[in-house]
Amino acid sequence: MSAVFEVANLKKSFGGLAVTSDVSISMHPGDRVALIGPNGAGKTTFVNLVTGNLAPDSGDVRLGGETVTRVDAAGRVKRGLVRSFQVTRLFHDMTPAEHVALAILQRDGRTGRMFGNFLSMPGVMDEVTGMLHTLGLERLMHRKVNEIAYGQQRLLEIAVAMALKPKVLLLDEPAAGVPQSDTGRIEQALADLPADLAVLMIEHDMDLVFRFAKRVIVLAAGAIIFDGSPADVTKDARVREAYLGSYANASHVA
Ligand SMILES: Nc1ncnc2c1ncn2[C@@H]1O[C@H](COP(=O)(O)OP(=O)(O)OP(=O)(O)O)[C@@H](O)[C@H]1O
Ligand SMILES: [Mg+2]
């Protein structure tokens with residue numbers, strides 16, 4: 001099976017500091033990858049580089065075999081590469097229904113002309129309702145974002161991302177800032193993602209990582225120090241030293 005997402009020898013420095021140091025990753029449809037590593041390791045920078053939010057110094061990004069290194073961020077979204085942000089970037093005065101509708105119209109190239117009338121567009125509204133139902137947000141669909149809980153806002157971000165019909169989904173700490181009582185819903189939303197979608201999730205909560213990921217990539221000081229199975233990651237000496245020490249030694253890890 002050919003890779004749906006490939007990053008080759010990606011490099012980026014900020015003022016002489018290598019934040020992304022020769023990073024290569026490939027993903028296939030259905031992959032469930034967790035990208036972990038210490039604060040400042042370069043995880044968010046990696047996402048910014050591959051999505052086109054930041055220009056790399058060198059290296060290539062390929063989507064479905066096509067090199068997109070010089071394609072802008074919107075063009076990469078159109079080709080199926082979608083990300084969420086570490087901190088929510090929702091519009092506080094807009095409703096969940098409006099957010100998802102906007103994503104659908106953007107996906108279909110219908111923004112501008114149509115937005116504003118979407119409530120009377122049955123095709124769009126059916127999809128909006130269906131998507132928000134899947135994420136358990138249907139009853140909040142016409143509330144303003146600033147009136148709904150943070151955990152629900154994070155679920156809405158997943159709904160917006162899914163409305164763009166991604167082939168590759170990059171999630172930057174989707175449960176960050178969410179009270180423990182609400183992380184179960186986010187975890188369920190992740191478990192319910194389409195089986196053929198390739199998902200890479202940045203996450204610090206190792207229990208969540210181990211429940212979600214079939215493969216773990218560890219970034220430390222901008223470089224990949226491990227790419228392999230969840231079972232092996234806790235045994236890796238470099239990973240234990242760089243990041244996982246206390247977790248790997250804890251009794252709940254086999
Ligand atoms: N625009 C920028 N200009 C200069 N330095 C930057 C910029 N963006 C990120 N950095 C630096 O790059 C390094 C990596 O940051 P990044 O946000 O990618 O880390 P991270 O792994 O996502 O960390 P966290 O787990 O805390 O979210 C940090 O040292 C950060 O200060
Ligand atoms: Mg980050």
# chains A, B, ... in the order shown; residues from 1 in each chain; ligands from 1

$ residues_around --residues "A:Met27" --least-positions-apart "4" --cutoff "7 Å" --atoms "only C-alpha atoms" --output "list in words"
Ala3, Val4, Phe5, Glu6, Asp31 and Ala198 of chain A

$ closest_atom_pairs --of "stretch 97-181 of chain A" --to "stretch 38-46 of chain A" --cutoff "12 Å" --atoms "only C-alpha atoms" --output "JSON lines"
{"residue": "A:Leu170", "atom": "CA", "partner": "A:Thr44", "partner_atom": "CA", "distance": 10.1}
{"residue": "A:Leu171", "atom": "CA", "partner": "A:Thr44", "partner_atom": "CA", "distance": 9.7}
{"residue": "A:Asp172", "atom": "CA", "partner": "A:Thr44", "partner_atom": "CA", "distance": 6.9}
{"residue": "A:Glu173", "atom": "CA", "partner": "A:Thr44", "partner_atom": "CA", "distance": 9.4}

$ residues_near_ligand --ligand "ligand 1" --cutoff "12 Å" --atoms "only C-alpha atoms and all ligand atoms" --output "JSON, numbers by chain"
{"A": [12, 13, 14, 15, 16, 17, 18, 19, 20, 21, 35, 36, 37, 38, 39, 40, 41, 42, 43, 44, 45, 46, 47, 48, 49, 53, 54, 55, 56, 85, 86, 87, 171, 172, 173, 174, 176, 201, 202, 203, 204, 205, 218, 219, 220, 221, 222, 223, 224, 243]}

$ residues_around --residues "A:Thr69" --least-positions-apart "3" --cutoff "10 Å" --atoms "only C-alpha atoms" --output "list in words"
Val7, Leu49, Val50, Thr51, Gly52, Ala55, Pro56, Ser58, Gly59, Asp60, Val61, Arg62, Leu63, Glu66, Asp72, Ala73 and Arg76 of chain A

$ residues_around --residues "A:Asp227" --least-positions-apart "2" --cutoff "8 Å" --atoms "only C-alpha atoms" --output "PyMOL selection string"
chain A and resi 215-218+224-225+229

$ write_last_selection --atoms "N, CA, C and O atoms" --output "short mmCIF file (atom, residue, chain, number, x, y, z; two decimals), in the first residue's frame"
data_model
loop_
_atom_site.label_atom_id
_atom_site.label_comp_id
_atom_site.auth_asym_id
_atom_site.auth_seq_id
_atom_site.Cartn_x
_atom_site.Cartn_y
_atom_site.Cartn_z
N ARG A 215 1.15 3.12 16.70
CA ARG A 215 2.55 3.44 16.42
C ARG A 215 2.87 4.75 17.14
O ARG A 215 2.02 5.64 17.20
N VAL A 216 4.07 4.83 17.67
CA VAL A 216 4.47 6.03 18.42
C VAL A 216 5.76 6.58 17.82
O VAL A 216 6.70 5.82 17.54
N ILE A 217 5.77 7.90 17.60
CA ILE A 217 6.98 8.57 17.13
C ILE A 217 7.41 9.54 18.23
O ILE A 217 6.58 10.29 18.76
N VAL A 218 8.67 9.49 18.61
CA VAL A 218 9.17 10.37 19.67
C VAL A 218 10.12 11.39 19.07
O VAL A 218 11.09 11.04 18.38
N ILE A 224 13.77 12.85 15.37
CA ILE A 224 13.05 11.62 15.73
C ILE A 224 14.03 10.67 16.41
O ILE A 224 15.06 10.31 15.84
N ILE A 225 13.70 10.29 17.64
CA ILE A 225 14.58 9.34 18.34
C ILE A 225 13.95 7.95 18.44
O ILE A 225 14.60 7.01 18.85
N SER A 229 6.48 0.58 17.79
CA SER A 229 5.24 0.15 18.43
C SER A 229 5.12 0.71 19.85
O SER A 229 6.14 0.98 20.50
#
